[in-house]
$ cat run.txt   # compact mmCIF, C-alpha atoms and all ligand atoms
# COMPACT_ATOMS: atom_id res chain seq x y z
CA MET A 1 -8.03 -3.26 6.14
CA GLU A 2 -5.39 -2.26 8.69
CA LYS A 3 -2.56 -0.12 7.34
CA THR A 4 0.89 0.73 8.66
CA PHE A 5 3.65 3.13 7.76
CA LEU A 6 7.09 1.58 7.22
CA MET A 7 10.24 3.39 6.18
CA VAL A 8 13.65 2.11 5.15
CA LYS A 9 15.93 4.55 6.95
CA PRO A 10 18.97 6.20 5.28
CA ASP A 11 21.31 3.40 6.43
CA GLY A 12 19.07 0.77 4.84
CA VAL A 13 18.95 2.69 1.55
CA GLN A 14 22.75 3.17 1.54
CA ARG A 15 23.23 -0.54 2.19
CA ASN A 16 20.99 -1.58 -0.72
CA LEU A 17 18.38 -3.19 1.54
CA ILE A 18 15.23 -1.69 -0.03
CA GLY A 19 14.57 -4.76 -2.16
CA GLU A 20 15.27 -7.19 0.65
CA ILE A 21 12.92 -5.36 3.00
CA VAL A 22 10.12 -5.00 0.45
CA SER A 23 10.55 -8.67 -0.37
CA ARG A 24 10.05 -9.76 3.24
CA PHE A 25 6.71 -7.99 3.55
CA GLU A 26 5.60 -9.18 0.11
CA LYS A 27 6.46 -12.79 0.89
CA LYS A 28 4.77 -12.56 4.27
CA GLY A 29 1.56 -11.82 2.39
CA PHE A 30 0.97 -8.15 3.03
CA ARG A 31 -0.11 -5.77 0.28
CA LEU A 32 1.82 -2.67 -0.74
CA ALA A 33 -0.49 0.34 -0.93
CA GLY A 34 2.07 3.09 -1.62
CA ALA A 35 5.80 3.70 -1.75
CA LYS A 36 8.31 6.41 -2.63
CA LEU A 37 11.98 7.26 -2.35
CA MET A 38 12.23 10.68 -0.73
CA GLN A 39 14.41 13.11 1.17
CA VAL A 40 12.97 13.92 4.61
CA SER A 41 13.09 17.62 5.54
CA ASN A 42 14.05 18.80 9.02
CA GLU A 43 10.48 19.93 9.56
CA LEU A 44 9.02 16.53 8.63
CA ALA A 45 11.61 14.68 10.74
CA GLU A 46 10.84 16.78 13.82
CA GLU A 47 7.12 16.24 13.35
CA HIS A 48 7.47 12.50 12.70
CA TYR A 49 9.65 11.92 15.79
CA GLY A 50 7.82 14.57 17.89
CA GLU A 51 7.22 12.10 20.73
CA HIS A 52 11.00 11.99 21.31
CA LYS A 53 11.52 15.78 21.36
CA GLU A 54 12.77 15.83 24.96
CA ARG A 55 15.03 12.79 24.63
CA PRO A 56 18.82 13.35 24.58
CA PHE A 57 19.16 11.59 21.21
CA PHE A 58 16.53 13.71 19.43
CA GLY A 59 19.04 15.91 17.60
CA GLU A 60 21.00 12.90 16.34
CA LEU A 61 17.80 11.16 15.33
CA VAL A 62 16.64 14.10 13.20
CA GLU A 63 20.11 14.55 11.74
CA PHE A 64 20.30 10.87 10.80
CA ILE A 65 16.85 10.55 9.27
CA THR A 66 17.53 13.62 7.10
CA SER A 67 21.06 12.51 6.14
CA GLY A 68 20.02 10.78 2.90
CA PRO A 69 17.02 9.37 1.09
CA VAL A 70 14.52 7.09 2.80
CA PHE A 71 12.06 4.65 1.23
CA ALA A 72 8.60 5.38 2.64
CA MET A 73 5.87 2.75 2.34
CA VAL A 74 2.31 1.97 3.32
CA TRP A 75 1.47 -1.71 3.77
CA GLU A 76 -1.88 -3.25 4.53
CA GLY A 77 -3.22 -6.51 5.90
CA GLU A 78 -4.61 -8.19 8.97
CA ASN A 79 -2.68 -7.11 12.09
CA VAL A 80 -0.03 -5.55 9.87
CA ILE A 81 1.00 -2.98 12.51
CA SER A 82 2.07 -5.45 15.19
CA THR A 83 3.24 -8.12 12.73
CA ALA A 84 5.53 -5.64 10.98
CA ARG A 85 6.96 -4.58 14.35
CA ASN A 86 7.69 -8.24 15.11
CA MET A 87 9.32 -8.68 11.71
CA MET A 88 11.47 -5.58 12.38
CA GLY A 89 12.72 -6.79 15.76
CA LYS A 90 13.61 -4.84 18.87
CA THR A 91 14.72 -1.20 18.61
CA ASN A 92 18.31 -2.04 19.55
CA PRO A 93 19.66 -4.40 16.88
CA SER A 94 21.93 -6.03 19.45
CA GLU A 95 18.78 -7.26 21.23
CA ALA A 96 16.78 -8.00 18.07
CA ALA A 97 16.28 -11.69 17.37
CA PRO A 98 17.87 -13.36 14.35
CA SER A 99 15.49 -13.51 11.36
CA THR A 100 14.15 -10.07 12.18
CA ILE A 101 15.23 -7.19 9.94
CA ARG A 102 17.15 -5.39 12.68
CA GLY A 103 18.47 -8.69 14.03
CA ASP A 104 19.83 -9.69 10.64
CA TYR A 105 21.16 -6.37 9.36
CA GLY A 106 21.57 -3.83 12.18
CA VAL A 107 24.34 -3.22 14.68
CA THR A 108 23.72 0.05 16.54
CA VAL A 109 20.51 1.55 17.94
CA GLY A 110 20.94 4.83 16.07
CA LYS A 111 21.17 3.05 12.70
CA ASN A 112 18.54 0.36 12.90
CA ILE A 113 17.50 0.13 9.22
CA ILE A 114 13.74 0.50 9.43
CA HIS A 115 10.93 2.44 11.07
CA GLY A 116 7.46 1.06 11.67
CA SER A 117 4.35 2.56 13.27
CA ASP A 118 3.79 1.27 16.80
CA SER A 119 -0.02 1.67 17.12
CA PRO A 120 -3.14 2.34 15.04
CA GLU A 121 -2.99 6.00 16.11
CA SER A 122 0.64 6.44 15.07
CA ALA A 123 0.00 4.55 11.82
CA GLU A 124 -2.77 6.96 10.85
CA ARG A 125 -0.74 9.99 11.87
CA GLU A 126 2.40 8.85 10.04
CA ILE A 127 0.60 7.77 6.84
CA ASN A 128 -1.04 11.21 6.65
CA LEU A 129 2.26 12.90 7.37
CA PHE A 130 4.15 11.15 4.57
CA PHE A 131 1.50 10.43 1.93
CA ASP A 132 -1.27 12.25 0.10
CA GLU A 133 -4.43 10.21 -0.18
CA LYS A 134 -4.01 10.09 -3.96
CA GLU A 135 -0.62 8.43 -3.62
CA LEU A 136 -2.20 5.34 -2.07
CA VAL A 137 -3.57 2.62 -4.32
CA SER A 138 -6.47 0.40 -3.38
CA TYR A 139 -6.64 -2.96 -5.15
CA GLU A 140 -7.24 -6.64 -4.61
CA LYS A 141 -5.15 -9.68 -5.45
CA VAL A 142 -7.73 -12.22 -6.44
CA ASP A 143 -7.30 -13.33 -10.04
CA THR A 144 -4.00 -15.19 -10.37
CA THR A 145 -5.12 -17.49 -13.18
CA TRP A 146 -3.07 -15.48 -15.71
CA ILE A 147 0.22 -16.11 -13.85
CA TYR A 148 2.12 -19.13 -15.26
P1 LIG B 201 11.18 3.69 15.14
O1 LIG B 201 10.24 4.68 15.75
O2 LIG B 201 12.31 4.32 14.36
O3 LIG B 201 10.44 2.65 14.35
O4 LIG B 201 11.91 2.85 16.29
P2 LIG B 201 11.24 2.24 17.59
O5 LIG B 201 9.78 2.52 17.63
O6 LIG B 201 11.68 0.82 17.65
O7 LIG B 201 12.00 3.04 18.73
P3 LIG B 201 11.63 4.46 19.37
O8 LIG B 201 11.62 4.30 20.84
O9 LIG B 201 10.42 5.05 18.71
O10 LIG B 201 12.90 5.32 19.00
C1 LIG B 201 13.00 5.97 17.76
C2 LIG B 201 14.41 5.81 17.22
O11 LIG B 201 15.29 6.55 18.03
C3 LIG B 201 16.55 5.92 18.05
N1 LIG B 201 16.97 5.72 19.41
N2 LIG B 201 18.17 6.00 19.83
N3 LIG B 201 20.45 6.43 21.44
C4 LIG B 201 19.38 5.84 21.95
O12 LIG B 201 19.37 5.43 23.08
C5 LIG B 201 18.22 5.68 21.12
N4 LIG B 201 17.05 5.20 21.50
C6 LIG B 201 16.26 5.22 20.40
C7 LIG B 201 16.43 4.59 17.34
O13 LIG B 201 17.00 4.70 16.05
C8 LIG B 201 14.94 4.37 17.26
O14 LIG B 201 14.59 3.62 16.13
MG MG B 202 8.96 4.45 17.36

$ encode --input "run.txt" --output "C-alpha cells" --more "lines below"
Ligand code: RTP
Ligand code: MG
Amino acid sequence: MEKTFLMVKPDGVQRNLIGEIVSRFEKKGFRLAGAKLMQVSNELAEEHYGEHKERPFFGELVEFITSGPVFAMVWEGENVISTARNMMGKTNPSEAAPSTIRGDYGVTVGKNIIHGSDSPESAEREINLFFDEKELVSYEKVDTTWIY
C-alpha cells in the first residue's frame, strides 16, 4: 500500500490544528500508520529540506521548522501521496483553494501549516528520515461489527 509522510508544521501545532488535520485524512478514508509529536533538530531540518539548500528562503525555512514541535505522520492508502497534496492545497496559501488545508487555514507561504511528500521517492526518503521501522504499525480495518 502506498505511504506518504505528512507533518503538521510548528504553526499548525501552535494553532491547535493537529486534530483537525488528522481528522481530515481519517474521514477521507486513509489509514494512519505512525505519528509522533517531536522537535526537529537543525540537522534533520537541513536534511529534510535539502532540495532547497540553494534557495534564498532556506535559512528561514530551517529556522521555522525547528521553532517548535511538529506532528509527524505516516499515512497509507491508494494514491495517498497525490491525494494528500491535493487536500493540502497549493504551497502559497493565498493561491490554495478553499476546502484545502492551506486554503482554509494558511495566510503566508512561509507558514503554510502542513508538509506532504511530493513523490514516491520523497515519501520513502522522508518516512525513513523521520521514523524507525518499528514505529510504524501495520494493520487492517475489516471487522467493524463490534462498533455500535
Ligand atoms: P512542503 O515541502 O513544505 O510540503 O511544501 P511544498 O512542497 O508545497 O513547497 P516546496 O516548494 O517544497 O517548498 C518548501 C517550503 O518552503 C517554503 N517556501 N517559501 N518564501 C518563499 O518564496 C517560499 N517558497 C517556499 C514554504 O513554506 C514551502 O512549504
Ligand atoms: Mg516540498

$ atom_distance --input "run.txt" --atom1 "CA of Ser138 in chain A" --atom2 "CA of Phe5 in chain A"
15.3 Å

$ closest_residue --input "run.txt" --among "A:Lys141, A:Arg31, A:His52, A:Lys111" --to "ligand MG 202 (chain B)" --atoms "all atoms listed in the file"
A:His52

$ residues_near_ligand --input "run.txt" --ligand "ligand LIG 201 (chain B)" --cutoff "6 Å" --atoms "all atoms listed in the file" --output "count of residues only"
9

$ residues_near_ligand --input "run.txt" --ligand "ligand MG 202 (chain B)" --cutoff "12 Å" --atoms "all atoms listed in the file" --output "list of chain:residue names"
A:Phe5, A:Leu6, A:Met7, A:His48, A:Tyr49, A:Gly50, A:Glu51, A:His52, A:Leu61, A:Ile81, A:Arg85, A:Met88, A:Gly89, A:Lys90, A:Thr91, A:Asn92, A:Val109, A:Asn112, A:Ile114, A:His115, A:Gly116, A:Ser117, A:Asp118, A:Ser119, A:Ser122, A:Ala123, A:Glu126

$ closest_residue --input "run.txt" --among "A:Val80, A:Met87, A:Ile101, A:Ala33" --to "Glu20 in chain A" --atoms "all atoms listed in the file"
A:Ile101

$ closest_residue --input "run.txt" --among "A:Pro120, A:Phe130, A:Trp146, A:Gly34" --to "Ser82 in chain A" --atoms "only C-alpha atoms"
A:Pro120

$ atom_distance --input "run.txt" --atom1 "CA of Val70 in chain A" --atom2 "CA of Pro56 in chain A"
23.1 Å
